[in-house]
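One file, input34.pdb, is given below (PDB, C-alpha atoms and all ligand atoms).
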ATOM      1  CA  MET A   1       4.031  17.752 -11.249
ATOM      2  CA  GLU A   2       5.247  17.944  -7.676
ATOM      3  CA  ASN A   3       7.187  14.845  -6.626
ATOM      4  CA  PHE A   4       5.681  13.820  -3.318
ATOM      5  CA  VAL A   5       7.191  10.331  -3.186
ATOM      6  CA  GLU A   6      10.513   9.705  -4.910
ATOM      7  CA  PHE A   7      12.545   6.553  -5.397
ATOM      8  CA  ASP A   8      15.838   7.804  -6.766
ATOM      9  CA  GLY A   9      18.292   5.199  -8.101
ATOM     10  CA  ILE A  10      17.145   2.534  -5.632
ATOM     11  CA  GLN A  11      18.769  -0.883  -5.461
ATOM     12  CA  LYS A  12      18.050  -3.555  -2.883
ATOM     13  CA  THR A  13      19.704  -6.836  -2.036
ATOM     14  CA  TYR A  14      18.756  -8.971   0.954
ATOM     15  CA  ASP A  15      21.793 -11.236   0.939
ATOM     16  CA  GLY A  16      24.556  -9.062  -0.490
ATOM     17  CA  GLU A  17      24.322 -10.833  -3.854
ATOM     18  CA  ASN A  18      20.998 -10.973  -5.656
ATOM     19  CA  LEU A  19      19.546  -7.596  -6.496
ATOM     20  CA  VAL A  20      15.790  -7.897  -6.009
ATOM     21  CA  ILE A  21      15.357  -4.193  -6.836
ATOM     22  CA  LYS A  22      17.759  -3.480  -9.669
ATOM     23  CA  ASP A  23      17.171   0.155 -10.501
ATOM     24  CA  LEU A  24      14.043   1.853  -9.271
ATOM     25  CA  ASN A  25      13.223   5.434 -10.196
ATOM     26  CA  LEU A  26       9.662   6.448  -9.456
ATOM     27  CA  SER A  27       7.996   9.771  -8.702
ATOM     28  CA  ILE A  28       4.483   9.973  -7.317
ATOM     29  CA  ALA A  29       2.469  13.191  -7.078
ATOM     30  CA  LYS A  30       0.552  14.243  -3.988
ATOM     31  CA  GLY A  31      -2.926  12.751  -4.031
ATOM     32  CA  GLU A  32      -2.110  10.197  -6.713
ATOM     33  CA  PHE A  33      -3.234   6.545  -6.618
ATOM     34  CA  VAL A  34      -0.317   4.541  -8.009
ATOM     35  CA  THR A  35      -0.361   0.761  -8.313
ATOM     36  CA  LEU A  36       2.682  -1.483  -8.452
ATOM     37  CA  LEU A  37       1.579  -4.372 -10.663
ATOM     38  CA  GLY A  38       3.654  -7.396 -11.513
ATOM     39  CA  PRO A  39       4.186 -11.130 -11.091
ATOM     40  CA  SER A  40       5.114 -12.771  -7.810
ATOM     41  CA  GLY A  41       8.741 -12.133  -6.880
ATOM     42  CA  SER A  42       9.123  -9.020  -9.044
ATOM     43  CA  GLY A  43       9.933  -6.784  -6.047
ATOM     44  CA  LYS A  44       6.613  -5.034  -5.330
ATOM     45  CA  SER A  45       6.497  -5.794  -1.596
ATOM     46  CA  THR A  46      10.159  -4.944  -1.242
ATOM     47  CA  ALA A  47       9.486  -1.511  -2.771
ATOM     48  CA  LEU A  48       6.782  -0.906  -0.129
ATOM     49  CA  MET A  49       9.049  -2.154   2.679
ATOM     50  CA  LEU A  50      11.709   0.337   1.598
ATOM     51  CA  LEU A  51       9.169   3.160   1.570
ATOM     52  CA  ALA A  52       7.731   2.155   4.955
ATOM     53  CA  GLY A  53      11.247   1.862   6.379
ATOM     54  CA  PHE A  54      11.150  -1.802   7.404
ATOM     55  CA  GLU A  55      14.085  -2.473   5.085
ATOM     56  CA  PRO A  56      16.946  -0.127   4.154
ATOM     57  CA  PRO A  57      17.841   0.430   0.492
ATOM     58  CA  THR A  58      21.234  -0.930  -0.543
ATOM     59  CA  ARG A  59      21.722   2.075  -2.763
ATOM     60  CA  GLY A  60      19.847   5.244  -3.664
ATOM     61  CA  THR A  61      17.570   7.734  -1.926
ATOM     62  CA  ILE A  62      13.906   7.700  -0.991
ATOM     63  CA  ARG A  63      12.135  11.014  -0.373
ATOM     64  CA  LEU A  64       8.718  11.894   0.979
ATOM     65  CA  ASN A  65       7.465  15.450   0.624
ATOM     66  CA  GLY A  66      11.003  16.678  -0.044
ATOM     67  CA  LYS A  67      12.573  14.975   3.006
ATOM     68  CA  THR A  68      15.108  12.169   2.641
ATOM     69  CA  LEU A  69      13.711   9.133   4.441
ATOM     70  CA  ASN A  70      16.707   6.790   4.427
ATOM     71  CA  SER A  71      17.571   7.295   8.102
ATOM     72  CA  VAL A  72      14.071   8.061   9.419
ATOM     73  CA  ALA A  73      12.647   5.237  11.582
ATOM     74  CA  PRO A  74       9.367   3.671  10.342
ATOM     75  CA  PHE A  75       7.390   5.058  13.275
ATOM     76  CA  HIS A  76       8.416   8.622  12.376
ATOM     77  CA  ARG A  77       7.540   8.358   8.677
ATOM     78  CA  ASN A  78       3.822   9.093   9.071
ATOM     79  CA  ILE A  79       2.902   6.332   6.628
ATOM     80  CA  GLY A  80      -0.118   4.023   7.043
ATOM     81  CA  MET A  81       0.089   0.404   5.898
ATOM     82  CA  VAL A  82      -2.392  -2.352   5.095
ATOM     83  CA  PHE A  83      -1.255  -5.928   4.457
ATOM     84  CA  GLN A  84      -3.008  -8.878   2.838
ATOM     85  CA  ASN A  85      -3.324 -10.856   6.067
ATOM     86  CA  TYR A  86      -4.932  -7.976   8.039
ATOM     87  CA  ALA A  87      -2.446  -8.274  10.948
ATOM     88  CA  LEU A  88      -5.051  -7.197  13.497
ATOM     89  CA  PHE A  89      -4.292  -7.804  17.180
ATOM     90  CA  PRO A  90      -6.614 -10.707  18.113
ATOM     91  CA  HIS A  91      -6.776  -9.857  21.825
ATOM     92  CA  MET A  92      -7.909  -6.267  21.185
ATOM     93  CA  THR A  93     -11.376  -5.081  20.213
ATOM     94  CA  VAL A  94     -11.939  -3.440  16.847
ATOM     95  CA  ALA A  95     -11.866   0.017  18.480
ATOM     96  CA  GLU A  96      -8.658  -0.826  20.377
ATOM     97  CA  ASN A  97      -7.052  -2.054  17.162
ATOM     98  CA  VAL A  98      -7.921   1.169  15.353
ATOM     99  CA  ALA A  99      -6.843   3.314  18.319
ATOM    100  CA  TYR A 100      -3.470   1.590  18.621
ATOM    101  CA  PRO A 101      -1.476   3.962  16.347
ATOM    102  CA  LEU A 102      -2.881   6.899  18.343
ATOM    103  CA  ARG A 103      -2.008   5.314  21.706
ATOM    104  CA  VAL A 104       1.603   4.776  20.695
ATOM    105  CA  ARG A 105       1.689   8.418  19.572
ATOM    106  CA  LYS A 106       0.628   9.511  23.058
ATOM    107  CA  ILE A 107      -2.532  11.264  21.944
ATOM    108  CA  GLY A 108      -5.092  12.227  24.626
ATOM    109  CA  LYS A 109      -7.998   9.948  25.488
ATOM    110  CA  SER A 110     -10.893  12.070  24.218
ATOM    111  CA  GLU A 111      -9.140  12.765  20.920
ATOM    112  CA  ILE A 112      -8.407   9.047  20.543
ATOM    113  CA  GLU A 113     -12.101   8.256  20.998
ATOM    114  CA  GLU A 114     -13.163  10.924  18.523
ATOM    115  CA  ARG A 115     -10.665   9.934  15.835
ATOM    116  CA  THR A 116     -11.311   6.204  16.284
ATOM    117  CA  ARG A 117     -15.035   6.776  15.850
ATOM    118  CA  LYS A 118     -14.446   8.821  12.689
ATOM    119  CA  ALA A 119     -12.115   6.200  11.208
ATOM    120  CA  LEU A 120     -14.607   3.395  11.905
ATOM    121  CA  ASP A 121     -17.420   5.459  10.356
ATOM    122  CA  LEU A 122     -15.256   6.017   7.292
ATOM    123  CA  VAL A 123     -15.108   2.251   6.677
ATOM    124  CA  GLN A 124     -18.755   1.781   7.657
ATOM    125  CA  LEU A 125     -18.035  -0.118  10.846
ATOM    126  CA  GLY A 126     -19.328   2.500  13.275
ATOM    127  CA  SER A 127     -21.255  -0.025  15.357
ATOM    128  CA  PHE A 128     -18.543  -2.723  15.442
ATOM    129  CA  GLY A 129     -16.049  -1.093  17.822
ATOM    130  CA  GLY A 130     -16.733  -3.499  20.699
ATOM    131  CA  ARG A 131     -16.293  -6.703  18.711
ATOM    132  CA  TYR A 132     -13.160  -8.795  18.436
ATOM    133  CA  PRO A 133     -11.510  -9.469  15.041
ATOM    134  CA  LYS A 134     -12.533 -13.150  15.019
ATOM    135  CA  GLN A 135     -16.192 -12.056  15.254
ATOM    136  CA  LEU A 136     -15.883 -10.248  11.895
ATOM    137  CA  SER A 137     -15.868 -11.459   8.279
ATOM    138  CA  GLY A 138     -12.687 -11.243   6.228
ATOM    139  CA  GLY A 139     -13.917  -8.133   4.438
ATOM    140  CA  GLN A 140     -14.829  -6.438   7.710
ATOM    141  CA  GLN A 141     -11.441  -7.302   9.200
ATOM    142  CA  GLN A 142      -9.747  -5.757   6.215
ATOM    143  CA  ARG A 143     -11.816  -2.595   6.681
ATOM    144  CA  VAL A 144     -10.606  -2.431  10.289
ATOM    145  CA  ALA A 145      -7.054  -2.620   8.956
ATOM    146  CA  VAL A 146      -7.836   0.254   6.574
ATOM    147  CA  ALA A 147      -9.290   2.322   9.447
ATOM    148  CA  ARG A 148      -6.184   1.638  11.541
ATOM    149  CA  ALA A 149      -3.933   2.760   8.662
ATOM    150  CA  LEU A 150      -5.852   6.034   8.285
ATOM    151  CA  VAL A 151      -6.622   6.968  11.889
ATOM    152  CA  PHE A 152      -3.422   8.931  12.543
ATOM    153  CA  ASP A 153      -3.901  11.061   9.446
ATOM    154  CA  PRO A 154      -0.864   9.742   7.527
ATOM    155  CA  GLU A 155       0.694  11.585   4.598
ATOM    156  CA  LEU A 156       0.788   8.390   2.582
ATOM    157  CA  VAL A 157      -0.961   5.012   2.669
ATOM    158  CA  LEU A 158       0.632   1.787   1.391
ATOM    159  CA  MET A 159      -1.465  -1.286   0.651
ATOM    160  CA  ASP A 160       0.174  -4.626  -0.139
ATOM    161  CA  GLU A 161      -2.311  -6.933  -1.891
ATOM    162  CA  PRO A 162      -4.970  -5.918   0.664
ATOM    163  CA  LEU A 163      -7.797  -7.687  -1.166
ATOM    164  CA  GLY A 164      -5.921 -10.852  -2.142
ATOM    165  CA  ALA A 165      -7.620 -13.025   0.489
ATOM    166  CA  LEU A 166     -11.179 -11.949  -0.363
ATOM    167  CA  ASP A 167     -13.584 -13.591  -2.787
ATOM    168  CA  LYS A 168     -14.331 -11.882  -6.092
ATOM    169  CA  LYS A 169     -17.551 -10.099  -5.103
ATOM    170  CA  LEU A 170     -16.160  -8.749  -1.853
ATOM    171  CA  ARG A 171     -12.948  -7.766  -3.605
ATOM    172  CA  GLU A 172     -14.876  -5.667  -6.119
ATOM    173  CA  GLU A 173     -16.856  -3.976  -3.329
ATOM    174  CA  MET A 174     -13.676  -3.164  -1.443
ATOM    175  CA  GLN A 175     -12.047  -1.787  -4.604
ATOM    176  CA  VAL A 176     -14.882   0.728  -4.850
ATOM    177  CA  GLU A 177     -14.670   1.569  -1.136
ATOM    178  CA  ILE A 178     -10.930   2.133  -1.234
ATOM    179  CA  LYS A 179     -11.333   4.390  -4.264
ATOM    180  CA  HIS A 180     -14.031   6.384  -2.416
ATOM    181  CA  ILE A 181     -11.735   6.809   0.565
ATOM    182  CA  HIS A 182      -8.913   7.879  -1.728
ATOM    183  CA  GLU A 183     -11.116  10.465  -3.410
ATOM    184  CA  ASN A 184     -12.764  11.731  -0.219
ATOM    185  CA  LEU A 185      -9.531  12.159   1.716
ATOM    186  CA  GLY A 186      -7.402  13.189  -1.269
ATOM    187  CA  ILE A 187      -4.663  11.025   0.229
ATOM    188  CA  THR A 188      -1.689   9.625  -1.705
ATOM    189  CA  MET A 189      -1.859   5.854  -2.036
ATOM    190  CA  VAL A 190       0.600   3.241  -3.272
ATOM    191  CA  PHE A 191      -1.227  -0.012  -3.890
ATOM    192  CA  VAL A 192       0.277  -3.406  -4.761
ATOM    193  CA  THR A 193      -1.472  -6.141  -6.693
ATOM    194  CA  HIS A 194      -0.735  -8.905  -9.184
ATOM    195  CA  ASP A 195      -4.296  -8.586 -10.554
ATOM    196  CA  GLN A 196      -4.383  -6.670 -13.843
ATOM    197  CA  ASP A 197      -8.117  -5.898 -13.671
ATOM    198  CA  GLU A 198      -7.816  -4.541 -10.155
ATOM    199  CA  ALA A 199      -4.937  -2.291 -11.196
ATOM    200  CA  LEU A 200      -6.695  -1.087 -14.341
ATOM    201  CA  THR A 201      -9.905  -0.108 -12.509
ATOM    202  CA  MET A 202      -8.346   1.539  -9.460
ATOM    203  CA  SER A 203      -5.234   3.420 -10.504
ATOM    204  CA  ASP A 204      -4.320   6.879 -11.706
ATOM    205  CA  ARG A 205      -1.080   5.311 -12.901
ATOM    206  CA  ILE A 206       0.303   1.782 -12.932
ATOM    207  CA  ALA A 207       3.971   0.827 -12.597
ATOM    208  CA  VAL A 208       4.471  -2.578 -14.215
ATOM    209  CA  PHE A 209       7.196  -4.475 -12.340
ATOM    210  CA  ASP A 210       9.247  -7.334 -13.657
ATOM    211  CA  ASP A 211      12.400  -8.760 -12.154
ATOM    212  CA  GLY A 212      13.232  -5.778  -9.955
ATOM    213  CA  ARG A 213      12.602  -3.086 -12.540
ATOM    214  CA  ILE A 214       9.709  -0.959 -13.735
ATOM    215  CA  GLN A 215       8.998  -1.967 -17.316
ATOM    216  CA  GLN A 216       6.524   0.856 -17.897
ATOM    217  CA  ILE A 217       4.649   3.411 -15.826
ATOM    218  CA  ASP A 218       1.595   5.019 -17.355
ATOM    219  CA  LYS A 219      -2.108   5.640 -17.080
ATOM    220  CA  PRO A 220      -4.195   2.451 -17.401
ATOM    221  CA  ALA A 221      -5.490   3.282 -20.884
ATOM    222  CA  THR A 222      -1.988   4.033 -22.173
ATOM    223  CA  LEU A 223      -0.616   0.760 -20.825
ATOM    224  CA  TYR A 224      -3.426  -1.099 -22.460
ATOM    225  CA  GLU A 225      -3.215   0.671 -25.801
ATOM    226  CA  CYS A 226       0.535   1.320 -26.048
ATOM    227  CA  PRO A 227       2.472  -1.301 -24.076
ATOM    228  CA  ALA A 228       6.187  -0.427 -24.081
ATOM    229  CA  ASN A 229       7.366  -3.988 -24.693
ATOM    230  CA  GLN A 230       6.316  -7.606 -25.040
ATOM    231  CA  PHE A 231       6.367  -8.264 -21.302
ATOM    232  CA  VAL A 232       3.906  -5.440 -20.610
ATOM    233  CA  ALA A 233       1.693  -6.460 -23.524
ATOM    234  CA  ASP A 234       1.557 -10.079 -22.336
ATOM    235  CA  PHE A 235       1.092  -9.242 -18.667
ATOM    236  CA  ILE A 236      -1.601  -6.614 -19.158
ATOM    237  CA  GLY A 237      -3.341  -8.808 -21.717
ATOM    238  CA  GLU A 238      -3.597 -11.785 -19.343
ATOM    239  CA  THR A 239      -6.966 -12.330 -17.755
ATOM    240  CA  ASN A 240      -7.557 -13.970 -14.410
TER     241      ASN A 240
HETATM  242  P1  LIG B 301       6.619  -9.453  -4.831
HETATM  243  O1  LIG B 301       5.982  -8.673  -3.714
HETATM  244  O2  LIG B 301       6.556  -8.756  -6.152
HETATM  245  O3  LIG B 301       6.094 -10.854  -4.923
HETATM  246  P2  LIG B 301       9.005  -9.435  -3.182
HETATM  247  O4  LIG B 301       9.436  -8.026  -3.013
HETATM  248  O5  LIG B 301       8.283 -10.066  -2.032
HETATM  249  O6  LIG B 301       8.183  -9.570  -4.531
HETATM  250  O7  LIG B 301      10.268 -10.336  -3.473
HETATM  251  C1  LIG B 301      11.250 -10.011  -4.434
HETATM  252  C2  LIG B 301      12.400 -11.007  -4.295
HETATM  253  O8  LIG B 301      13.037 -10.787  -3.042
HETATM  254  C3  LIG B 301      11.965 -12.453  -4.306
HETATM  255  O9  LIG B 301      12.920 -13.186  -5.003
HETATM  256  C4  LIG B 301      11.961 -12.832  -2.837
HETATM  257  O10 LIG B 301      12.224 -14.204  -2.664
HETATM  258  C5  LIG B 301      13.068 -11.981  -2.265
HETATM  259  N1  LIG B 301      12.847 -11.592  -0.862
HETATM  260  C6  LIG B 301      11.768 -10.911  -0.380
HETATM  261  N2  LIG B 301      11.869 -10.701   0.932
HETATM  262  C7  LIG B 301      13.042 -11.267   1.329
HETATM  263  C8  LIG B 301      13.738 -11.361   2.583
HETATM  264  N3  LIG B 301      13.229 -10.834   3.707
HETATM  265  N4  LIG B 301      14.941 -11.995   2.580
HETATM  266  C9  LIG B 301      15.469 -12.502   1.435
HETATM  267  N5  LIG B 301      14.872 -12.453   0.227
HETATM  268  C10 LIG B 301      13.671 -11.826   0.165
HETATM  269 MG    MG B 302       4.430  -9.228  -2.426
END
What is this file in structure tokens?
Amino acid sequence: MENFVEFDGIQKTYDGENLVIKDLNLSIAKGEFVTLLGPSGSGKSTALMLLAGFEPPTRGTIRLNGKTLNSVAPFHRNIGMVFQNYALFPHMTVAENVAYPLRVRKIGKSEIEERTRKALDLVQLGSFGGRYPKQLSGGQQQRVAVARALVFDPELVLMDEPLGALDKKLREEMQVEIKHIHENLGITMVFVTHDQDEALTMSDRIAVFDDGRIQQIDKPATLYECPANQFVADFIGETN
């Protein structure tokens, strides 16, 4: 298996004392859908921040497609990100929001229009380009965020609890949509959730986090049937 994303001996401390990532080794293959699952405070978001480049690792090396990322600025990493709270620009239309990553990359106007249209079609918001974020539902806003993360054709997409603010029905619809996008584009995705069911239905593999370490990484069925320890058994067995 080719290692497309690699965390190699990663540690992270924010304050010089407490290690919030204690020892992270994780390899993700190209095209894989990997979920980081674990309780609040276990280090899932920090792992994504390290990969996106918003935080430096205290120790260890992160690689993407064979290149060491440690000193590459976030903007040059070619990684799309979606957060729980959408983070859309309220003063920009939907189309302007989606086009933003292309504008900052100095892409020509006609190509921006073409790619923005395609990205909005992909999330089934083709006719919503002229609206403002506040004129959309929560689910629609989150789809705009997904379109914006995909529009520049990233090598990797990171999603940090993207469906956490949605109600159950909408969340299940969006789970299916995100899986369709993953399959259609064949893009590598790292997804974060604390919801066991969401992780079990969406993932090729799940990394179970606890206290800054991966307790087990396996296919959903394996985690369910052969948990490596009591923590994994209890956490996977919990229902929401
Ligand atoms: P999760 O996403 O699994 O809930 P986080 O990665 O957000 O976990 O947090 C892991 C630990 O790091 C927590 O104890 C949290 O309080 C701490 N932490 C996260 N971000 C910061 C920060 N910017 N500064 C200091 N501590 C932080
Ligand atoms: Mg988090």
Give one line per residue of chain A that approaches ligand LIG 301 (chain B) to at most 7 Å, naming the two atoms of the closest pair and their distance in Å to one decimal, counting all atoms listed in the file; sort by chain then ascending residue number and deliver it as JSON lines.
{"residue": "A:Tyr14", "atom": "CA", "partner": "B:LIG301", "partner_atom": "C9", "distance": 4.8}
{"residue": "A:Asp15", "atom": "CA", "partner": "B:LIG301", "partner_atom": "C9", "distance": 6.5}
{"residue": "A:Val20", "atom": "CA", "partner": "B:LIG301", "partner_atom": "C2", "distance": 4.9}
{"residue": "A:Gly38", "atom": "CA", "partner": "B:LIG301", "partner_atom": "O2", "distance": 6.2}
{"residue": "A:Pro39", "atom": "CA", "partner": "B:LIG301", "partner_atom": "O2", "distance": 6.0}
{"residue": "A:Ser40", "atom": "CA", "partner": "B:LIG301", "partner_atom": "O3", "distance": 3.6}
{"residue": "A:Gly41", "atom": "CA", "partner": "B:LIG301", "partner_atom": "O6", "distance": 3.5}
{"residue": "A:Ser42", "atom": "CA", "partner": "B:LIG301", "partner_atom": "O2", "distance": 3.9}
{"residue": "A:Gly43", "atom": "CA", "partner": "B:LIG301", "partner_atom": "O4", "distance": 3.3}
{"residue": "A:Lys44", "atom": "CA", "partner": "B:LIG301", "partner_atom": "O2", "distance": 3.8}
{"residue": "A:Ser45", "atom": "CA", "partner": "B:LIG301", "partner_atom": "O1", "distance": 3.6}
{"residue": "A:Thr46", "atom": "CA", "partner": "B:LIG301", "partner_atom": "O4", "distance": 3.6}
{"residue": "A:Ala47", "atom": "CA", "partner": "B:LIG301", "partner_atom": "O4", "distance": 6.5}
message: Using all atoms listed in the file, which protein or nucleic acid residues come within 10 Å of Gly31 of chain A? Drop anything in the same chain fewer than 6 positions from it, and give the result as number ranges by chain.
response: A: 4, 155-156, 182-183, 185-189, 204
field: Nearest residue to ligand MG 302 (chain B) from the set A:Ala233, A:Ile112, A:Leu36, A:Leu24 (distances using only C-alpha atoms and all ligand atoms)
entry: A:Leu36
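Comparing A:Gln84, A:Leu50, A:Phe128, A:Lys168 by their smallest distance to Asn70 of chain A, the closest is A:Leu50 (using only C-alpha atoms).
Taking only C-alpha atoms and all ligand atoms into account, ligand MG 302 (chain B) lies nearest to A:Gly164 out of the set A:Gly66, A:Gly164, A:Gly126, A:Pro74.
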Pop segment 133-153 of chain A out of the structure in the block and write N, CA and C atoms as a short mmCIF file (atom, residue, chain, number, x, y, z; two decimals), in the first residue's frame.
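selection.cif, freshly written:
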data_model
loop_
_atom_site.label_atom_id
_atom_site.label_comp_id
_atom_site.auth_asym_id
_atom_site.auth_seq_id
_atom_site.Cartn_x
_atom_site.Cartn_y
_atom_site.Cartn_z
N PRO A 133 -24.81 33.44 2.34
CA PRO A 133 -24.87 32.32 3.28
C PRO A 133 -26.07 32.36 4.20
N LYS A 134 -26.44 33.55 4.71
CA LYS A 134 -27.54 33.59 5.69
C LYS A 134 -28.89 33.24 5.05
N GLN A 135 -28.94 33.23 3.71
CA GLN A 135 -30.19 32.85 3.03
C GLN A 135 -30.26 31.34 2.79
N LEU A 136 -29.30 30.59 3.32
CA LEU A 136 -29.28 29.14 3.13
C LEU A 136 -29.51 28.42 4.46
N SER A 137 -29.99 27.16 4.38
CA SER A 137 -30.11 26.32 5.57
C SER A 137 -28.72 25.88 6.01
N GLY A 138 -28.66 25.32 7.21
CA GLY A 138 -27.37 24.83 7.73
C GLY A 138 -26.75 23.78 6.82
N GLY A 139 -27.58 22.86 6.33
CA GLY A 139 -27.07 21.81 5.46
C GLY A 139 -26.54 22.38 4.14
N GLN A 140 -27.27 23.37 3.61
CA GLN A 140 -26.82 23.99 2.36
C GLN A 140 -25.51 24.75 2.57
N GLN A 141 -25.41 25.44 3.72
CA GLN A 141 -24.17 26.17 4.01
C GLN A 141 -22.99 25.20 4.08
N GLN A 142 -23.26 24.04 4.69
CA GLN A 142 -22.16 23.10 4.81
C GLN A 142 -21.77 22.53 3.45
N ARG A 143 -22.75 22.43 2.54
CA ARG A 143 -22.40 21.99 1.18
C ARG A 143 -21.56 23.03 0.46
N VAL A 144 -21.84 24.32 0.72
CA VAL A 144 -21.01 25.38 0.14
C VAL A 144 -19.57 25.22 0.64
N ALA A 145 -19.44 24.94 1.92
CA ALA A 145 -18.10 24.75 2.49
C ALA A 145 -17.39 23.56 1.83
N VAL A 146 -18.15 22.51 1.53
CA VAL A 146 -17.56 21.35 0.85
C VAL A 146 -17.12 21.74 -0.56
N ALA A 147 -17.98 22.49 -1.27
CA ALA A 147 -17.62 22.94 -2.63
C ALA A 147 -16.36 23.79 -2.60
N ARG A 148 -16.26 24.68 -1.60
CA ARG A 148 -15.10 25.56 -1.50
C ARG A 148 -13.82 24.76 -1.20
N ALA A 149 -13.97 23.65 -0.47
CA ALA A 149 -12.79 22.82 -0.15
C ALA A 149 -12.33 22.01 -1.35
N LEU A 150 -13.24 21.79 -2.31
CA LEU A 150 -12.91 20.93 -3.45
C LEU A 150 -12.54 21.70 -4.70
N VAL A 151 -12.90 22.98 -4.76
CA VAL A 151 -12.88 23.73 -6.02
C VAL A 151 -11.48 23.86 -6.63
N PHE A 152 -10.45 23.84 -5.79
CA PHE A 152 -9.09 24.01 -6.33
C PHE A 152 -8.40 22.67 -6.58
N ASP A 153 -9.22 21.61 -6.60
CA ASP A 153 -8.70 20.30 -6.95
C ASP A 153 -7.58 19.86 -6.01
#
